[in-house]
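Heads up: the structure comes next, in structure tokens.
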Amino acid sequence: MKRSGFLRVVFLAGFLLILYPAQKLHADNGYDAWLRYAPLQGAERAKVAAFPSTLVVRGDSPLLETSQKELIRGLHGMLGRELRVEKELPKESAVILGTLADLNSLAPELHPPAELQADGYWLASERIHGHDCIIVAGATERGALYGVFALLRKIAFAEDLSHLQEMQTPANPIRWVNDWDNLDGRIERGYGGRSIFFENGAVRADLTRAGDYARLLASVGINGCVVNNVNANPRVLTPDFLPQLARIADAFRPWGVRLGISVDLSSPKSLGGLDTFDPIDSRVQLWWTEKAEEIYRLIPDFAGFLVKADSEGRPGPSSYGRTPADAANVVARALQPHNGIVMYRAFVYDHHLDWRNPKNDRARAAYDIFHPLDDKFDDNVIVQIKHGPIDFQVREPASPLLGGLEKTNEVIELQITQEYMGQQRHLCFLVPMWKETLDFDMHLHDRATPVKNIASGQVFRRALGGFAGVANVGLDTNWMGNPMAMANLYGFARLAWDPNLSSADISDEWTRLTFGNDPVVDRTIDSMLLSSWPTYENYTGQLGIGTLTDILGSHYGPGVESSERNGWGQWHRADHDGVGMDRSIATGTGYVGQYSPEVQKEFETLAATPDSLLLFFHHVPFTYRLKSGKTVIQHIYDSHYEGAERTHVFVRMWESLRNLVGDDERYEFVLKGLKYQEGHAIVWRDAVCNWFLRVSGIPDAKGRVGHYPKRIEAESMQLTGYAPVDVEPAENASGGKATTCQAPVSECSASFHFNGTDGTYQLNVQYFDQNNGKAKFRVLVGGRQLDEWIADDTLPNLKIGGDTSTRRQISKITLHHGDEIRIEGIPDDGELAAIDYVEIDPTSP
Ligand code: GCW
């Protein structure tokens, strides 16, 4: 390069640096999640300027090596500092990293807290031989690793470290995630791409992502991961598959994450060639024993098995008239000599219940089946209990089984992947919901016994207990399909470590680690996160009625009717006269009787039951007045409008961060998602409100439901090529109809003349983005093209309906009275360029 050319480049680079200070250049695609180690700026950096330059690590185990590397990596990222590693104390300040034993050999004069144990850590600023040192010590090596991550968090928050003195021990020994990955690479209820573990029936050759996942998990204290679907393929236990699993365990090990797998209880028969899998048959016991030995030869630190049995068509002990305890114990006894455990899921229920019988109640199942077995489980069995009695609905009471086992280990199962909660396309921070269950007082033996203290094992002095979270991360760069959804993985893990953390603390930590310490950014995102669950609840299913999604399909868009008249038992029993499940002892299914007497008082009567769970526990007329003073039906209408309106505010809030989150990829990604959510919340609002209007026959006192003055239905436009079709269920499209462009026509249009006054408007085009082809749309006003787009999203349905209804917003459009507005659609590969309606909205100032 010629000298002048070189100078020009240097000049340009300098100029760009002035325009974009270092932090703005920190491009981010979400891969690093909360471990970004973004450079600290100015004042923040000054606070940690005195950080030592030497790192003393005496031990040399793989876990300590990981810890050391992570500390070096974090400091390099945040402070641009390189740590020098030594084995002995230098004659200057230093960071000392290791186990208590390491620490004792280096500086015997120190007095670490006596209570430090298990996976806990101690962080302290201490003077050693006249020098300021930072101690990062764990009772175990894993504890030391957790200490490193905790210290790095403090640095990211620019905390003052000069008086550091903190000891933490996790509240729960079991802090596991479950991933529902199939061996073919698909993930059941996964919304972040294909499996990071499996492809084409085998473990992936490249397990880099598995290792990086373990790092993310370790950074927040997760110590176990079950990698395959609970609907388990027996093949995981074959001799050719086990060595492949061992490779996943190898990828996890440097991060202290132990591997577990889901197993199919019928494996002794389907795989082992026995003619039975009856748990009390000695050949079955022998088969499991030998299988466990085979596994532990390959994976000496194997964590254990997760079992889903007699549930949703899975084989189980009921085939032989045996109990879950018989089944759990046969497996547990095989694992016991190796210190392995069995997590046996309490999600056992009959999905062919007779819906005509008002006494039938799926919510009763877990308690009815497991409570009588309380003293029957071996000590290395843990019963894994979903947090609510149904299935991860938008609001459920705490499962009574969480308070129904006193002589059995239990873990609470939470769902991080947002199956019923908007599937990562809707912003929904679940920590506040989980906290309600964790803090719920079961009042056992007339004592304060919150769920979190029962699950941890504390209340009944059980050695094992804790949390299992269904994570379902995938190959998407940002792991869960949406960077905001990672707040749930983070929050789950933080609660598993310390369930007493508040939702606000967790949201604040995650936001700062993910987006930096700018107080405006933090305040805004915290406020969005903390209000996102009530918002989602408002426009999906209120008053404890359930999510009201299509339970027979994707579990995504609205499907109010789908809960009824089938054996799945997610009934809300809405009919012309009223709504809700009567689960009282006096007149209902008796479910309330599964709680302690104190808790029964909270739910048995209408008067006592909180509005938020009213329809879960009682059947009431639509005109029943809530504690708020509103009727049930008006509450349903109002909450759906409020919820949808709030999603609009989310978009505005996020937009206010445009220049603060920078030119970050994540900014645009999240914005697009929030706009999508805003449109889909309206689909939800209208579907649910119209369904209830039809069933109850009671109009909305505010006149909104069924009246949409700003809308022009596609079927009422002038159609060329497009033809109206009925949508099923009808409330999932405006007016019950859409227009589709079908063969032999290959291009269609729908037009109308604007009959409002001249002005600036926002045009909302409600169309259907089926998940097959990539239809094209164009919008023209007075013959001039204003917008075009391709419907290339992969929403979870092929059909035109509530899952696929999508809104395109075109802002700031000048319209004159009489202008022709035309939508053109070009179908593609079975996707019919379907349109529902156009809405013309005066733009906000
Ligand atoms: O929520 C339901 C899901 C199923 C899942 C099941 C379970 C793995 O719809 O996909 O199966 O729960 O938890 O076992």
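Lettering and numbering for the structure tokens are positional, with chains as A, B, ... in the shown order, residues counted from 1 in each chain, and ligands counted from 1 in the shown order.
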
I need the residues in region 4-231 of chain A that are helix (DSSP H, G or I) according to DSSP; give them as an MDAnalysis selection string.
chainID A and resid 4:19 22:25 42:47 62:79 100:106 141:156 208:219

To check your reading of the model: which residues sit at most 9 Å from ligand 1 when counting only C-alpha atoms and all ligand atoms? Write the answer as an MDAnalysis selection string.
chainID A and resid 180 188:189 229:232 308 311:312 345 347:348 386 390:393 415 419:420 470 551 554:555

Keeping N, CA, C and O atoms, export the residues of the selection given above as a compact mmCIF listing (two decimals), in the first residue's frame.
```
# COMPACT_ATOMS: atom_id res chain seq x y z
N TRP A 180 -35.37 -31.40 25.62
CA TRP A 180 -36.23 -32.42 25.01
C TRP A 180 -35.81 -32.68 23.56
O TRP A 180 -36.59 -32.59 22.62
N GLU A 188 -38.55 -31.39 20.78
CA GLU A 188 -39.97 -31.26 21.15
C GLU A 188 -40.13 -29.97 21.94
O GLU A 188 -39.48 -29.75 22.96
N ARG A 189 -41.00 -29.11 21.44
CA ARG A 189 -41.26 -27.80 22.06
C ARG A 189 -39.99 -26.96 22.15
O ARG A 189 -39.77 -26.23 23.14
N ASN A 229 -35.04 -36.04 24.87
CA ASN A 229 -36.47 -35.90 25.15
C ASN A 229 -36.96 -36.89 26.21
O ASN A 229 -36.60 -38.07 26.17
N VAL A 230 -37.81 -36.40 27.10
CA VAL A 230 -38.45 -37.31 28.07
C VAL A 230 -39.31 -38.36 27.36
O VAL A 230 -39.53 -39.45 27.90
N ASN A 231 -39.81 -38.01 26.19
CA ASN A 231 -40.43 -39.04 25.34
C ASN A 231 -39.26 -39.77 24.69
O ASN A 231 -38.89 -39.52 23.55
N ALA A 232 -38.66 -40.67 25.45
CA ALA A 232 -37.31 -41.13 25.11
C ALA A 232 -37.31 -42.22 24.06
O ALA A 232 -38.15 -43.12 24.06
N LYS A 308 -40.18 -40.59 32.13
CA LYS A 308 -41.60 -40.25 31.91
C LYS A 308 -42.29 -41.56 31.58
O LYS A 308 -41.92 -42.22 30.61
N SER A 311 -47.67 -41.90 30.76
CA SER A 311 -48.07 -40.51 30.54
C SER A 311 -48.08 -40.25 29.05
O SER A 311 -47.09 -40.52 28.37
N GLU A 312 -49.20 -39.78 28.55
CA GLU A 312 -49.32 -39.41 27.14
C GLU A 312 -48.83 -40.53 26.23
O GLU A 312 -48.06 -40.31 25.29
N ARG A 345 -40.83 -38.52 36.80
CA ARG A 345 -41.78 -37.41 36.63
C ARG A 345 -43.18 -37.75 37.15
O ARG A 345 -43.71 -38.83 36.88
N PHE A 347 -45.72 -36.25 36.18
CA PHE A 347 -46.65 -35.86 35.11
C PHE A 347 -47.30 -37.13 34.53
O PHE A 347 -47.05 -37.52 33.41
N VAL A 348 -48.08 -37.78 35.36
CA VAL A 348 -48.73 -39.03 34.99
C VAL A 348 -50.23 -38.77 35.04
O VAL A 348 -50.74 -38.36 36.08
N LYS A 386 -44.19 -30.99 38.03
CA LYS A 386 -44.43 -29.71 37.34
C LYS A 386 -45.01 -28.70 38.33
O LYS A 386 -45.78 -29.08 39.21
N ILE A 390 -51.67 -28.82 36.08
CA ILE A 390 -52.06 -29.15 34.70
C ILE A 390 -50.81 -29.25 33.84
O ILE A 390 -50.18 -30.30 33.78
N ASP A 391 -50.41 -28.17 33.23
CA ASP A 391 -49.31 -28.30 32.28
C ASP A 391 -48.80 -26.93 31.83
O ASP A 391 -49.09 -26.52 30.71
N PHE A 392 -48.04 -26.27 32.65
CA PHE A 392 -47.35 -25.04 32.26
C PHE A 392 -48.28 -24.00 31.63
O PHE A 392 -47.94 -23.37 30.63
N GLN A 393 -49.49 -23.87 32.21
CA GLN A 393 -50.41 -22.86 31.70
C GLN A 393 -50.00 -21.47 32.17
O GLN A 393 -49.13 -21.33 33.03
N GLN A 415 -40.83 -24.80 33.26
CA GLN A 415 -40.60 -24.85 31.82
C GLN A 415 -40.03 -23.51 31.36
O GLN A 415 -40.71 -22.48 31.41
N GLU A 419 -43.46 -22.96 25.78
CA GLU A 419 -44.45 -23.73 25.03
C GLU A 419 -45.83 -23.07 25.00
O GLU A 419 -46.38 -22.82 23.92
N TYR A 420 -46.40 -22.84 26.16
CA TYR A 420 -47.73 -22.23 26.25
C TYR A 420 -47.64 -20.72 26.47
O TYR A 420 -48.62 -20.08 26.79
N VAL A 470 -37.01 -27.11 31.92
CA VAL A 470 -37.01 -27.58 30.53
C VAL A 470 -36.52 -26.43 29.64
O VAL A 470 -37.22 -25.44 29.44
N ILE A 551 -54.97 -26.36 22.21
CA ILE A 551 -54.25 -27.42 22.93
C ILE A 551 -54.13 -28.70 22.09
O ILE A 551 -53.38 -29.60 22.43
N SER A 554 -50.64 -26.64 17.93
CA SER A 554 -49.29 -26.14 18.19
C SER A 554 -49.08 -25.56 19.60
O SER A 554 -47.97 -25.25 19.98
N HIS A 555 -50.16 -25.36 20.35
CA HIS A 555 -50.07 -24.70 21.67
C HIS A 555 -49.59 -23.26 21.53
O HIS A 555 -48.90 -22.74 22.40
```

Near Ser399 (chain A), within 7 Å and counting only C-alpha atoms, which residues show up once chain neighbours fewer than 4 positions away are dropped, as a PDB file with N, CA and C atoms, in the first residue's frame?
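Contents of the output file part00.pdb:
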```
ATOM      1  N   HIS A 387     -44.706 -27.421  38.118  1.00  0.00           N
ATOM      2  CA  HIS A 387     -45.050 -26.454  39.167  1.00  0.00           C
ATOM      3  C   HIS A 387     -46.547 -26.302  39.389  1.00  0.00           C
ATOM      4  N   GLY A 388     -47.324 -26.596  38.361  1.00  0.00           N
ATOM      5  CA  GLY A 388     -48.775 -26.539  38.524  1.00  0.00           C
ATOM      6  C   GLY A 388     -49.378 -27.898  38.222  1.00  0.00           C
ATOM      7  N   PRO A 389     -50.662 -28.089  38.566  1.00  0.00           N
ATOM      8  CA  PRO A 389     -51.264 -29.416  38.424  1.00  0.00           C
ATOM      9  C   PRO A 389     -51.653 -29.783  36.996  1.00  0.00           C
TER      10      PRO A 389
END
```

Which residues of region 658-700 of chain A come within 9 Å of region 782-804 of chain A, and for each one, what is the closest pair of atoms and their distance in Å to one decimal, counting only C-alpha atoms, sorted by chain and residue number, as JSON lines?
```
{"residue": "A:His680", "atom": "CA", "partner": "A:Gly802", "partner_atom": "CA", "distance": 8.4}
{"residue": "A:Val683", "atom": "CA", "partner": "A:Gly802", "partner_atom": "CA", "distance": 6.7}
{"residue": "A:Trp684", "atom": "CA", "partner": "A:Gly802", "partner_atom": "CA", "distance": 7.5}
{"residue": "A:Ala687", "atom": "CA", "partner": "A:Gly802", "partner_atom": "CA", "distance": 7.9}
```

Enumerate, as a ChimeraX atom specification, the complete set of residues in region 63-152 of chain A that a backbone-based DSSP assignment places in strand (DSSP E or B).
/A:84-86,94-99,121-128,131-138

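Omitting Asn488 (chain A) and its sequence neighbours fewer than 2 positions away, and counting only C-alpha atoms, the residues within 8 Å are Ile416, Phe429, Leu430, Val431, Ala485, Met486, Tyr490, Gly491 and Phe492 of chain A.
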